[in-house]
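A quick write-up on the structure given underneath.
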Amino acid sequence: MDFRAMFGAAEWVSLPEKDADSMLFRAAFAADRPLSATLAVVGLGVFEAYINGRAVSGDRFLPLNSDYAPRDFLVRGTPFGEITAHRLYVPVYDVTHLLHEGENVLAVMTGRGWFAENRLHPFGKERMCFALTLTCADGSVKRIVSGPDTRVREGFVTEGHLRTGETQDFRGYDDSWMCAGYDDSDWTRAEILPPLETEYLISDCPPDRVIRRINPAPVWEKDSVSMWDCGENITGTPVLICRAAEGEEIIVRVAERLDENGNLHEKHMHRQELHVISDGTPRLLRLYFTWFGFRYIEITGAAELSHVQVIHTDAAVTSSFDCDNSTLNWLYNAYLRTQLGNMHMGIPSDCPHIERCGYTGDGQLTCEAAMTMLDTQAFFRKWIGDISDCQDRLSGHVQYTAPYVHCGGGPGGWGCAIVEVPYQFMKHYGDSEPAVRLYPQMLRYFDYLDAHSENGLVISDRPGEWCLGDWCTPEKIRLPEPYVNTYFYIKSLRRVTEIAAIAGRQSDLPMLAEKIERLSARLTETYFDPSTGDFCSNDQGANAFAVDIGLGDERTYRNMMEHYRENGCYDTGIFGTDIVTRLLFEHGDGDIAAALLCGHTVNGSYGHMEDLGCTTLLEYWGDYARSDNHPMFGAPVRYLHQYILGIRQAADSIGWRHAEIRPAFVPQLGRASGSITTVRGKIGVSWERRGGKIHVHADIPDGMCAELVIGDERHVLGAGENFVVI
């Protein structure tokens, strides 16, 4: 909808003449106690809203991150110059319980966020808008809106950076500004700003919230400095009780690791700090407009650590997994903690501190794992909208991040998210609407790939941009970028072939089939060695990419399998790791796949991350890690459910109409159990070796067609508990 449909007579308001790091907005109004009251409110970049001193909700870091509105800027000397779509998500709250008869006050605090932070290529000046609708007992409706009578002043966050932290100065700050009776005569009348050119939508994606609290353990204390350990790598904010006198400073610094001397590891702090100048009041201190990604906390100054708030998108864990191998159990839990820690403001990020961007590469790679293990339907529906928005309407180019922030990536593993995420959404949730809606945009992206191809291979992206293939291999990347990007093109064409049939675009099928055949032939001509059966010398998972799209001969998979049986660890990047693991399970070599997943080699293993004491997944294999909280290597964790437990959809199933339970009884395990929650209900599976046999238990929800498949044998499973002994 447009601005007036959402906000009526309201106006965007801001602090006149000054570009502050935070702003306080105040609107006093009289009201008889209404039958109902709803508040549509949004502050850009990030806001918190209160009525009569009470928080309107427990939501944090709203509004959801999106490509808010058009902007003009240069990026590294290259004009942006693309035409994209824009949207702004507006939260709407029932606030009836917060109002009382007489004078009421709506108070809104804003910080810069993605919208207004200068070094992040801002969309515009910080601002706020609200419309409060009161329905009275006599049936009349009263609307109170933001406008020139709204009062505004600079906030107590005097320096705020979304990626690094805040400086807060409470001197002269009075908490009573949120309540009736406060004298705001020295506040400024708000400046009116024009409406944004964007589509206004009501938020329906789960927001960030305080999910749980942690009481960190003390590590050491020296003079006025103390160190604390949360026991796990998290995202959120420390909460402190200020004991400082007026004018004294409190400094909070955080890191993901400690160094050998027990101090914060400089390379793992990522410049995250909170500085507070006290007004002498023993108030609670926390971050307001951003979060930290951390495990360890260093506090300098007169403040006590009360607790730590763990904050991320409110997405419930809807799965479980347990087995008798500690590394696989660690991997499942580490992935969940990593994925949740990278869900903020409605996007799946690469890391929760350094970049915080919705990388299309990381997001498409891990979306199926997240959909399998978490309640993410509304979350990914929103992010699919971001991917759609970030496509250039002129060329068909899809950005490396959605929403767009300048970054690096590639045309295949990143841009093909416009196909992969809607496809997985359709398969998992049975909702084809996003895939069908984006179908024309998928074809437009294929036009873009064709325009950046030579001799049938995708060789480049937009001039001046990166053109990655795979990423983060243990050693230098040796796979040719055109090989990987053309693989993704072919894979996406196969996905779109399925979508075309559902979209009623059967007339496109011959064209899609011709593209697949032509590109496959070109990939084979360029990279296949007929003397060995290998693609790209079977290096860094190269054969797996080929086998996954039906290329090569019987030697291609066999050579790949034998390489990993002998190697015993991954030599692959983020995409190859996922493909290799899946193909080994698919071809009945689950013992090799499990050995890779359970391995403890210094480089190329998840077990080494466990040995390092990590509680989240690292960005890189081995000891070096720029970030200790990157979900991209977590994509294979879904195979704990899909293969070790065997909970899968039949090949032609959408929305879990037909489940197949095909456990891989890998020799590394004596037992395994777990569950996932689908759109048709919860599926639970457990198996155990006992008395020379394998005892399988499968719990199937009502109304689901399900079979247990063991080799060539099929057992029809009924609703409820099923027991089979093999």
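By order of appearance in the structure tokens: chains A, B, ..., then residues from 1 within every chain, and ligands from 1 in the order shown.
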
Please identify the helix (DSSP H, G or I) residues within stretch 435-533 of chain A (assignment by DSSP from backbone atoms) and present them as a ChimeraX atom specification. /A:435-451,481-502,506-527

So that I can check the surroundings of A:Ala544, please list as a list in words every protein, DNA and RNA residue that reaches within 9 Å of it, counting only C-alpha atoms and ignoring chain neighbours fewer than 5 positions away.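 Within the cut-off, the hits are Phe535, Asn538, Ile549, Thr556, Tyr557, Met560, Gly576, Ile579, Val580 and Leu583 of chain A.
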
Write a file of the just-selected residues containing N, CA, C and O atoms, as a PDB file, in the first residue's frame.
ATOM      1  N   PHE A 535      36.406 -34.503 -13.604  1.00  0.00           N
ATOM      2  CA  PHE A 535      36.261 -33.097 -13.939  1.00  0.00           C
ATOM      3  C   PHE A 535      37.272 -32.311 -13.104  1.00  0.00           C
ATOM      4  O   PHE A 535      37.370 -32.511 -11.888  1.00  0.00           O
ATOM      5  N   ASN A 538      39.340 -33.935 -10.381  1.00  0.00           N
ATOM      6  CA  ASN A 538      38.705 -34.412  -9.135  1.00  0.00           C
ATOM      7  C   ASN A 538      39.196 -33.615  -7.932  1.00  0.00           C
ATOM      8  O   ASN A 538      39.309 -34.131  -6.822  1.00  0.00           O
ATOM      9  N   ILE A 549      24.631 -32.783 -11.242  1.00  0.00           N
ATOM     10  CA  ILE A 549      23.774 -32.341 -12.355  1.00  0.00           C
ATOM     11  C   ILE A 549      23.796 -33.364 -13.495  1.00  0.00           C
ATOM     12  O   ILE A 549      23.502 -33.034 -14.648  1.00  0.00           O
ATOM     13  N   THR A 556      33.249 -41.148 -12.495  1.00  0.00           N
ATOM     14  CA  THR A 556      33.265 -39.805 -11.912  1.00  0.00           C
ATOM     15  C   THR A 556      32.884 -39.854 -10.440  1.00  0.00           C
ATOM     16  O   THR A 556      33.588 -39.302  -9.578  1.00  0.00           O
ATOM     17  N   TYR A 557      31.761 -40.522 -10.134  1.00  0.00           N
ATOM     18  CA  TYR A 557      31.384 -40.652  -8.727  1.00  0.00           C
ATOM     19  C   TYR A 557      32.361 -41.555  -7.988  1.00  0.00           C
ATOM     20  O   TYR A 557      32.773 -41.242  -6.863  1.00  0.00           O
ATOM     21  N   MET A 560      35.438 -39.813  -6.964  1.00  0.00           N
ATOM     22  CA  MET A 560      35.146 -38.875  -5.871  1.00  0.00           C
ATOM     23  C   MET A 560      35.030 -39.616  -4.541  1.00  0.00           C
ATOM     24  O   MET A 560      35.621 -39.233  -3.526  1.00  0.00           O
ATOM     25  N   GLY A 576      30.978 -27.077  -2.167  1.00  0.00           N
ATOM     26  CA  GLY A 576      31.450 -28.439  -2.364  1.00  0.00           C
ATOM     27  C   GLY A 576      31.245 -29.319  -1.149  1.00  0.00           C
ATOM     28  O   GLY A 576      30.924 -30.505  -1.277  1.00  0.00           O
ATOM     29  N   ILE A 579      27.648 -30.517  -1.232  1.00  0.00           N
ATOM     30  CA  ILE A 579      27.351 -31.433  -2.334  1.00  0.00           C
ATOM     31  C   ILE A 579      28.016 -32.789  -2.112  1.00  0.00           C
ATOM     32  O   ILE A 579      27.388 -33.842  -2.301  1.00  0.00           O
ATOM     33  N   VAL A 580      29.283 -32.790  -1.717  1.00  0.00           N
ATOM     34  CA  VAL A 580      29.995 -34.048  -1.471  1.00  0.00           C
ATOM     35  C   VAL A 580      29.275 -34.879  -0.414  1.00  0.00           C
ATOM     36  O   VAL A 580      29.050 -36.085  -0.586  1.00  0.00           O
ATOM     37  N   LEU A 583      25.920 -36.350  -1.801  1.00  0.00           N
ATOM     38  CA  LEU A 583      26.080 -37.404  -2.803  1.00  0.00           C
ATOM     39  C   LEU A 583      26.572 -38.706  -2.193  1.00  0.00           C
ATOM     40  O   LEU A 583      26.157 -39.798  -2.614  1.00  0.00           O
TER      41      LEU A 583
END

Give me every strand (DSSP E or B) residue in stretch 215-387 of chain A, going by DSSP on the backbone, as a PyMOL selection string. chain A and resi 217-222+225-242+249-255+258+264+273-277+284-285+292-300+303-313+317+319-323+343-344+347-348+359+374

Selection export as a JSON list (two decimals), in the first residue's frame, atoms kept: C-alpha atoms:
[["chain", "number", "residue", "atom", "x", "y", "z"],
["A", 217, "ALA", "CA", 30.60, -16.83, 34.94],
["A", 218, "PRO", "CA", 33.38, -14.59, 36.26],
["A", 219, "VAL", "CA", 36.81, -15.21, 34.70],
["A", 220, "TRP", "CA", 38.95, -12.67, 36.56],
["A", 221, "GLU", "CA", 38.83, -9.24, 38.17],
["A", 222, "LYS", "CA", 41.69, -6.73, 38.40],
["A", 225, "VAL", "CA", 38.23, -4.33, 35.23],
["A", 226, "SER", "CA", 36.38, -7.67, 35.19],
["A", 227, "MET", "CA", 36.11, -10.47, 32.64],
["A", 228, "TRP", "CA", 33.06, -12.70, 32.14],
["A", 229, "ASP", "CA", 32.30, -15.86, 30.16],
["A", 230, "CYS", "CA", 28.82, -16.53, 28.74],
["A", 231, "GLY", "CA", 29.76, -20.16, 28.16],
["A", 232, "GLU", "CA", 28.67, -20.00, 24.53],
["A", 233, "ASN", "CA", 28.95, -17.74, 21.52],
["A", 234, "ILE", "CA", 25.76, -15.67, 21.27],
["A", 235, "THR", "CA", 24.19, -12.50, 19.94],
["A", 236, "GLY", "CA", 22.58, -9.90, 22.18],
["A", 237, "THR", "CA", 23.62, -7.40, 24.81],
["A", 238, "PRO", "CA", 25.12, -7.40, 28.29],
["A", 239, "VAL", "CA", 22.87, -5.72, 30.87],
["A", 240, "LEU", "CA", 24.71, -3.80, 33.59],
["A", 241, "ILE", "CA", 23.76, -1.93, 36.74],
["A", 242, "CYS", "CA", 25.47, 1.45, 36.69],
["A", 249, "GLU", "CA", 32.76, 6.37, 32.05],
["A", 250, "ILE", "CA", 31.94, 2.69, 31.79],
["A", 251, "ILE", "CA", 33.42, 0.70, 28.92],
["A", 252, "VAL", "CA", 32.13, -2.68, 27.79],
["A", 253, "ARG", "CA", 34.13, -4.63, 25.23],
["A", 254, "VAL", "CA", 33.36, -8.10, 23.92],
["A", 255, "ALA", "CA", 35.05, -10.85, 21.92],
["A", 258, "LEU", "CA", 40.33, -14.90, 24.77],
["A", 264, "LEU", "CA", 39.98, -10.38, 24.89],
["A", 273, "GLU", "CA", 32.24, -1.68, 22.24],
["A", 274, "LEU", "CA", 29.72, 0.10, 24.45],
["A", 275, "HIS", "CA", 30.80, 3.35, 26.09],
["A", 276, "VAL", "CA", 28.56, 4.92, 28.73],
["A", 277, "ILE", "CA", 28.97, 8.27, 30.47],
["A", 284, "LEU", "CA", 20.29, -0.49, 33.85],
["A", 285, "LEU", "CA", 22.62, -0.20, 30.88],
["A", 292, "PHE", "CA", 26.94, -7.74, 19.80],
["A", 293, "GLY", "CA", 28.19, -11.14, 18.60],
["A", 294, "PHE", "CA", 30.35, -12.49, 21.44],
["A", 295, "ARG", "CA", 31.13, -14.94, 24.22],
["A", 296, "TYR", "CA", 33.40, -12.95, 26.55],
["A", 297, "ILE", "CA", 32.70, -9.58, 28.19],
["A", 298, "GLU", "CA", 35.20, -7.13, 29.64],
["A", 299, "ILE", "CA", 33.80, -4.38, 31.87],
["A", 300, "THR", "CA", 35.82, -1.36, 32.91],
["A", 303, "ALA", "CA", 29.19, -1.20, 36.94],
["A", 304, "GLU", "CA", 27.91, -4.64, 37.88],
["A", 305, "LEU", "CA", 27.01, -7.24, 35.28],
["A", 306, "SER", "CA", 23.37, -8.17, 35.89],
["A", 307, "HIS", "CA", 22.88, -10.67, 33.08],
["A", 308, "VAL", "CA", 23.12, -11.08, 29.31],
["A", 309, "GLN", "CA", 20.14, -10.93, 26.97],
["A", 310, "VAL", "CA", 20.32, -13.41, 24.09],
["A", 311, "ILE", "CA", 18.60, -11.67, 21.17],
["A", 312, "HIS", "CA", 17.77, -12.92, 17.69],
["A", 313, "THR", "CA", 14.75, -13.53, 15.48],
["A", 317, "VAL", "CA", 13.48, -24.71, 17.17],
["A", 319, "SER", "CA", 13.62, -30.26, 15.50],
["A", 320, "SER", "CA", 15.71, -32.51, 17.70],
["A", 321, "PHE", "CA", 18.69, -34.79, 17.19],
["A", 322, "ASP", "CA", 20.71, -37.06, 19.44],
["A", 323, "CYS", "CA", 23.05, -39.97, 18.84],
["A", 343, "MET", "CA", 18.81, -14.13, 12.06],
["A", 344, "HIS", "CA", 18.28, -10.46, 12.79],
["A", 347, "ILE", "CA", 17.40, -11.45, 7.15],
["A", 348, "PRO", "CA", 19.77, -14.46, 7.35],
["A", 359, "TYR", "CA", 24.36, -12.73, 1.62],
["A", 374, "LEU", "CA", 13.40, -24.10, 12.66]]

From the options A:Gly604, A:Gly247, A:Gly550, A:Pro282, which residue's atoms come nearest to A:Glu619, counting only C-alpha atoms?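 Checking each candidate against A:Glu619, we get A:Gly604 as the closest.
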
May I ask for the distance between atom CA of A:Glu191 and atom CA of A:Ser14, given in Å to one decimal place? 5.1 Å

Proximity of stretch 15-90 of chain A to stretch 97-104 of chain A: per-residue shortest pair, 12 Å limit, only C-alpha atoms, as a tab-separated table:
residue	atom	partner	partner_atom	distance
A:Arg26	CA	A:Asn104	CA	10.4
A:Ala27	CA	A:Asn104	CA	8.4
A:Ala28	CA	A:Asn104	CA	5.6
A:Phe29	CA	A:Asn104	CA	5.3
A:Ala30	CA	A:Glu103	CA	4.4
A:Ala31	CA	A:Gly102	CA	5.6
A:Asp32	CA	A:Glu101	CA	4.7
A:Arg33	CA	A:Glu101	CA	5.0
A:Pro34	CA	A:Leu99	CA	8.0
A:Leu35	CA	A:His97	CA	9.8
A:Ser36	CA	A:His97	CA	8.6
A:Ala37	CA	A:Leu99	CA	8.3
A:Thr38	CA	A:His97	CA	10.4
A:Leu39	CA	A:Leu98	CA	11.0
A:Ala49	CA	A:Leu98	CA	11.8
A:Tyr50	CA	A:Leu98	CA	9.0
A:Ile51	CA	A:Leu98	CA	6.2
A:Asn52	CA	A:Asn104	CA	6.0
A:Gly53	CA	A:Leu98	CA	9.2
A:Arg54	CA	A:Leu98	CA	7.3
A:Ala55	CA	A:Leu98	CA	8.9
A:Val56	CA	A:Leu98	CA	7.8
A:Ser57	CA	A:Leu98	CA	10.6

Would you write out those residues with N, CA and C atoms, as a CSV table (one decimal), in the first residue's frame?
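In the end it all went to part.csv:
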chain,number,residue,atom,x,y,z
A,26,ARG,N,8.4,12.8,21.0
A,26,ARG,CA,7.4,12.8,22.1
A,26,ARG,C,6.1,13.4,21.6
A,27,ALA,N,5.0,12.7,21.8
A,27,ALA,CA,3.7,13.2,21.4
A,27,ALA,C,2.7,12.9,22.5
A,28,ALA,N,2.3,14.0,23.2
A,28,ALA,CA,1.3,13.9,24.2
A,28,ALA,C,-0.1,14.1,23.6
A,29,PHE,N,-1.1,13.4,24.2
A,29,PHE,CA,-2.5,13.5,23.7
A,29,PHE,C,-3.4,13.1,24.8
A,30,ALA,N,-4.6,13.6,24.7
A,30,ALA,CA,-5.7,13.3,25.7
A,30,ALA,C,-6.6,12.3,25.0
A,31,ALA,N,-7.1,11.3,25.9
A,31,ALA,CA,-8.0,10.3,25.3
A,31,ALA,C,-8.8,9.7,26.5
A,32,ASP,N,-10.1,9.6,26.2
A,32,ASP,CA,-11.0,8.8,27.0
A,32,ASP,C,-10.5,7.4,26.8
A,33,ARG,N,-10.8,6.6,27.8
A,33,ARG,CA,-10.4,5.2,27.7
A,33,ARG,C,-11.1,4.5,26.5
A,34,PRO,N,-10.3,4.1,25.4
A,34,PRO,CA,-11.0,3.6,24.2
A,34,PRO,C,-11.4,2.2,24.4
A,35,LEU,N,-12.3,1.7,23.5
A,35,LEU,CA,-12.6,0.3,23.4
A,35,LEU,C,-11.4,-0.4,22.8
A,36,SER,N,-10.7,0.2,21.9
A,36,SER,CA,-9.5,-0.4,21.2
A,36,SER,C,-8.6,0.7,20.7
A,37,ALA,N,-7.4,0.4,20.6
A,37,ALA,CA,-6.4,1.3,20.1
A,37,ALA,C,-5.3,0.5,19.4
A,38,THR,N,-5.0,0.9,18.2
A,38,THR,CA,-3.9,0.3,17.4
A,38,THR,C,-2.9,1.3,17.0
A,39,LEU,N,-1.7,1.0,17.0
A,39,LEU,CA,-0.6,1.9,16.7
A,39,LEU,C,0.2,1.3,15.5
A,49,ALA,N,9.5,2.0,20.8
A,49,ALA,CA,8.3,2.8,21.1
A,49,ALA,C,7.8,2.5,22.5
A,50,TYR,N,7.3,3.5,23.2
A,50,TYR,CA,6.7,3.4,24.5
A,50,TYR,C,5.4,4.3,24.6
A,51,ILE,N,4.5,3.8,25.4
A,51,ILE,CA,3.3,4.6,25.8
A,51,ILE,C,3.3,4.7,27.3
A,52,ASN,N,3.2,5.9,27.8
A,52,ASN,CA,3.2,6.2,29.2
A,52,ASN,C,4.3,5.4,29.9
A,53,GLY,N,5.5,5.4,29.3
A,53,GLY,CA,6.7,4.8,29.9
A,53,GLY,C,6.8,3.3,29.8
A,54,ARG,N,5.8,2.6,29.2
A,54,ARG,CA,5.8,1.2,29.1
A,54,ARG,C,6.1,0.8,27.6
A,55,ALA,N,6.9,-0.2,27.4
A,55,ALA,CA,7.3,-0.6,26.0
A,55,ALA,C,6.1,-1.1,25.3
A,56,VAL,N,5.9,-0.6,24.1
A,56,VAL,CA,4.8,-1.1,23.2
A,56,VAL,C,4.9,-2.6,23.0
A,57,SER,N,6.1,-3.1,22.9
A,57,SER,CA,6.2,-4.5,22.7
A,57,SER,C,7.6,-4.9,23.1

Non-local contacts of A:Val724 (10 Å; only C-alpha atoms; under 2 positions in same chain excluded) as a PDB file with C-alpha atoms, in the first residue's frame:
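That gives us selection.pdb:
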ATOM      1  CA  TRP A 687      16.922 -46.460  15.533  1.00  0.00           C
ATOM      2  CA  ILE A 694      18.356 -52.769  14.236  1.00  0.00           C
ATOM      3  CA  HIS A 695      15.191 -51.592  15.949  1.00  0.00           C
ATOM      4  CA  VAL A 696      13.474 -48.717  14.127  1.00  0.00           C
ATOM      5  CA  HIS A 697      10.746 -46.537  15.570  1.00  0.00           C
ATOM      6  CA  ALA A 698       8.887 -44.005  13.423  1.00  0.00           C
ATOM      7  CA  LEU A 708       9.874 -46.975   5.645  1.00  0.00           C
ATOM      8  CA  HIS A 715       6.890 -50.833   4.703  1.00  0.00           C
ATOM      9  CA  LEU A 717       3.678 -46.614   7.966  1.00  0.00           C
ATOM     10  CA  ASN A 722       5.440 -47.702  14.093  1.00  0.00           C
ATOM     11  CA  ILE A 726      15.595 -55.347  10.780  1.00  0.00           C
TER      12      ILE A 726
END

Coordinates-based distance that separates atom CA of A:Asp67 from atom CA of A:Glu355 (Å, one decimal):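 Computing the Euclidean distance for atom CA of A:Glu355 and atom CA of A:Asp67 yields 16.4 Å.
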
Counting only C-alpha atoms, the residue of A:Ala593, A:Asp450, A:Gly456, A:Gly588 that sits nearest A:Glu525: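 Once distances to A:Glu525 are computed over only C-alpha atoms, the minimum belongs to A:Gly456.
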
Neighbouring residues of stretch 621-627 of chain A were defined as those with any atom within 9 Å, considering only C-alpha atoms; residues of the same chain fewer than 2 positions away were excluded. Please report them as a PyMOL selection string. chain A and resi 256+267-268+270+351+353-354+472-474+573+601-606+608-609+612+617-619+629-630

Save the residues we just selected, C-alpha atoms, as a PDB file, in the first residue's frame?
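See part_23.pdb below for the written result:
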ATOM      1  CA  GLU A 256      34.446 -14.360  20.662  1.00  0.00           C
ATOM      2  CA  LYS A 267      41.303 -10.326  16.253  1.00  0.00           C
ATOM      3  CA  HIS A 268      38.012 -11.625  17.593  1.00  0.00           C
ATOM      4  CA  HIS A 270      35.505  -6.998  15.719  1.00  0.00           C
ATOM      5  CA  CYS A 351      27.950 -13.210  10.561  1.00  0.00           C
ATOM      6  CA  HIS A 353      29.206  -8.712  13.866  1.00  0.00           C
ATOM      7  CA  ILE A 354      31.604  -7.876  11.016  1.00  0.00           C
ATOM      8  CA  CYS A 472      36.571 -20.861   1.783  1.00  0.00           C
ATOM      9  CA  THR A 473      38.361 -24.046   0.771  1.00  0.00           C
ATOM     10  CA  PRO A 474      41.047 -25.208   3.267  1.00  0.00           C
ATOM     11  CA  GLY A 573      34.570 -24.904   0.124  1.00  0.00           C
ATOM     12  CA  THR A 601      41.647 -33.514  11.388  1.00  0.00           C
ATOM     13  CA  VAL A 602      43.238 -30.119  12.009  1.00  0.00           C
ATOM     14  CA  ASN A 603      42.033 -28.817   8.647  1.00  0.00           C
ATOM     15  CA  GLY A 604      38.808 -29.705   6.870  1.00  0.00           C
ATOM     16  CA  SER A 605      36.775 -31.116   9.754  1.00  0.00           C
ATOM     17  CA  TYR A 606      33.945 -30.135  12.046  1.00  0.00           C
ATOM     18  CA  HIS A 608      38.421 -29.687  14.954  1.00  0.00           C
ATOM     19  CA  MET A 609      35.972 -26.845  15.602  1.00  0.00           C
ATOM     20  CA  LEU A 612      38.854 -25.813  19.734  1.00  0.00           C
ATOM     21  CA  LEU A 617      30.530 -22.792  13.381  1.00  0.00           C
ATOM     22  CA  LEU A 618      33.655 -21.049  12.120  1.00  0.00           C
ATOM     23  CA  GLU A 619      33.956 -19.080   8.906  1.00  0.00           C
ATOM     24  CA  ASN A 629      29.853 -17.436  13.923  1.00  0.00           C
ATOM     25  CA  HIS A 630      29.211 -18.222  10.237  1.00  0.00           C
TER      26      HIS A 630
END

At a cut-off of 8 Å, using only C-alpha atoms, what residues contact A:Ser395? Leave out same-chain residues fewer than 2 positions from it and give the result as a short mmCIF file (atom, residue, chain, number, x, y, z; two decimals) with N, CA, C and O atoms, in the first residue's frame.
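That gives us selection_32.cif:
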data_model
loop_
_atom_site.label_atom_id
_atom_site.label_comp_id
_atom_site.auth_asym_id
_atom_site.auth_seq_id
_atom_site.Cartn_x
_atom_site.Cartn_y
_atom_site.Cartn_z
N ASP A 392 18.05 -6.23 -10.44
CA ASP A 392 18.00 -5.09 -11.36
C ASP A 392 16.95 -5.34 -12.43
O ASP A 392 17.01 -6.34 -13.15
N ARG A 393 15.98 -4.44 -12.53
CA ARG A 393 14.91 -4.59 -13.51
C ARG A 393 15.42 -4.36 -14.94
O ARG A 393 14.73 -4.72 -15.90
N HIS A 397 20.31 -8.61 -13.19
CA HIS A 397 21.35 -8.92 -12.20
C HIS A 397 20.76 -9.06 -10.81
O HIS A 397 19.92 -8.26 -10.40
N ARG A 444 14.60 -13.94 -16.20
CA ARG A 444 15.36 -12.72 -16.48
C ARG A 444 16.79 -12.86 -15.96
O ARG A 444 17.73 -12.36 -16.59
N TYR A 445 16.97 -13.54 -14.85
CA TYR A 445 18.33 -13.76 -14.35
C TYR A 445 19.10 -14.69 -15.28
O TYR A 445 20.31 -14.52 -15.49
N TYR A 448 20.58 -12.71 -17.83
CA TYR A 448 21.78 -12.04 -17.33
C TYR A 448 22.98 -12.99 -17.38
O TYR A 448 24.08 -12.59 -17.80
#

Looking at A:Asp591, A:Glu246, A:Glu562, A:Glu465, which one is nearest to A:Ile644, with distances taken over only C-alpha atoms? A:Asp591

Do you know which residues are at most 9 Å from stretch 205-208 of chain A counting only C-alpha atoms, after dropping those on the same chain fewer than 3 positions away, and could you put them as an MDAnalysis selection string? chainID A and resid 58:64 211 311:315 343:346 376:382

Could the residues in this selection be saved with N, CA and C atoms as a short mmCIF file (atom, residue, chain, number, x, y, z; two decimals), in the first residue's frame?
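The resulting result-v4.cif:
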data_model
loop_
_atom_site.label_atom_id
_atom_site.label_comp_id
_atom_site.auth_asym_id
_atom_site.auth_seq_id
_atom_site.Cartn_x
_atom_site.Cartn_y
_atom_site.Cartn_z
N GLY A 58 7.94 -6.20 23.13
CA GLY A 58 9.28 -6.67 23.43
C GLY A 58 10.13 -6.80 22.18
N ASP A 59 9.63 -6.32 21.04
CA ASP A 59 10.37 -6.44 19.79
C ASP A 59 11.61 -5.55 19.82
N ARG A 60 12.67 -6.02 19.20
CA ARG A 60 13.92 -5.26 19.12
C ARG A 60 14.32 -5.06 17.66
N PHE A 61 15.05 -4.00 17.43
CA PHE A 61 15.71 -3.70 16.15
C PHE A 61 14.74 -3.62 14.98
N LEU A 62 13.56 -3.05 15.25
CA LEU A 62 12.62 -2.80 14.17
C LEU A 62 12.90 -1.43 13.57
N PRO A 63 12.50 -1.20 12.29
CA PRO A 63 11.74 -2.12 11.44
C PRO A 63 12.65 -3.19 10.84
N LEU A 64 12.02 -4.19 10.21
CA LEU A 64 12.78 -5.22 9.52
C LEU A 64 13.66 -4.58 8.47
N ILE A 211 15.30 -13.72 23.71
CA ILE A 211 14.88 -15.12 23.67
C ILE A 211 15.13 -15.81 25.01
N ILE A 311 19.58 -12.29 22.07
CA ILE A 311 18.60 -11.67 21.17
C ILE A 311 18.83 -12.17 19.75
N HIS A 312 17.77 -12.61 19.12
CA HIS A 312 17.77 -12.92 17.69
C HIS A 312 16.33 -13.05 17.25
N THR A 313 16.10 -13.33 15.99
CA THR A 313 14.75 -13.53 15.48
C THR A 313 14.04 -14.60 16.30
N ASP A 314 12.80 -14.34 16.58
CA ASP A 314 12.00 -15.26 17.40
C ASP A 314 11.50 -16.42 16.53
N ALA A 315 12.42 -17.33 16.20
CA ALA A 315 12.11 -18.50 15.38
C ALA A 315 12.30 -19.75 16.25
N MET A 343 20.15 -14.53 12.49
CA MET A 343 18.81 -14.13 12.06
C MET A 343 18.43 -12.88 12.84
N HIS A 344 18.58 -11.74 12.18
CA HIS A 344 18.28 -10.46 12.79
C HIS A 344 17.58 -9.56 11.79
N MET A 345 16.58 -8.84 12.24
CA MET A 345 15.90 -7.84 11.43
C MET A 345 15.32 -8.43 10.14
N GLY A 346 14.95 -9.72 10.18
CA GLY A 346 14.28 -10.33 9.05
C GLY A 346 15.18 -10.81 7.93
N THR A 376 10.56 -21.20 10.22
CA THR A 376 11.07 -20.05 9.46
C THR A 376 10.19 -19.69 8.26
N GLN A 377 8.96 -20.16 8.21
CA GLN A 377 8.15 -19.92 7.02
C GLN A 377 7.94 -18.43 6.77
N ALA A 378 7.50 -17.69 7.78
CA ALA A 378 7.28 -16.25 7.59
C ALA A 378 8.60 -15.52 7.37
N PHE A 379 9.66 -15.98 8.02
CA PHE A 379 10.97 -15.37 7.87
C PHE A 379 11.46 -15.45 6.43
N PHE A 380 11.39 -16.64 5.83
CA PHE A 380 11.89 -16.78 4.47
C PHE A 380 10.94 -16.20 3.44
N ARG A 381 9.65 -16.16 3.73
CA ARG A 381 8.75 -15.47 2.81
C ARG A 381 9.16 -14.00 2.69
N LYS A 382 9.51 -13.41 3.83
CA LYS A 382 9.96 -12.02 3.81
C LYS A 382 11.27 -11.89 3.04
#

Do you know which residues are at most 9 Å from A:Met1 counting only C-alpha atoms, after dropping those on the same chain fewer than 6 positions away, and could you put them as a count of residues only? 4

Please compute the atom CA of A:Val108-atom CA of A:Glu154 distance, one decimal, in Å. 11.8 Å
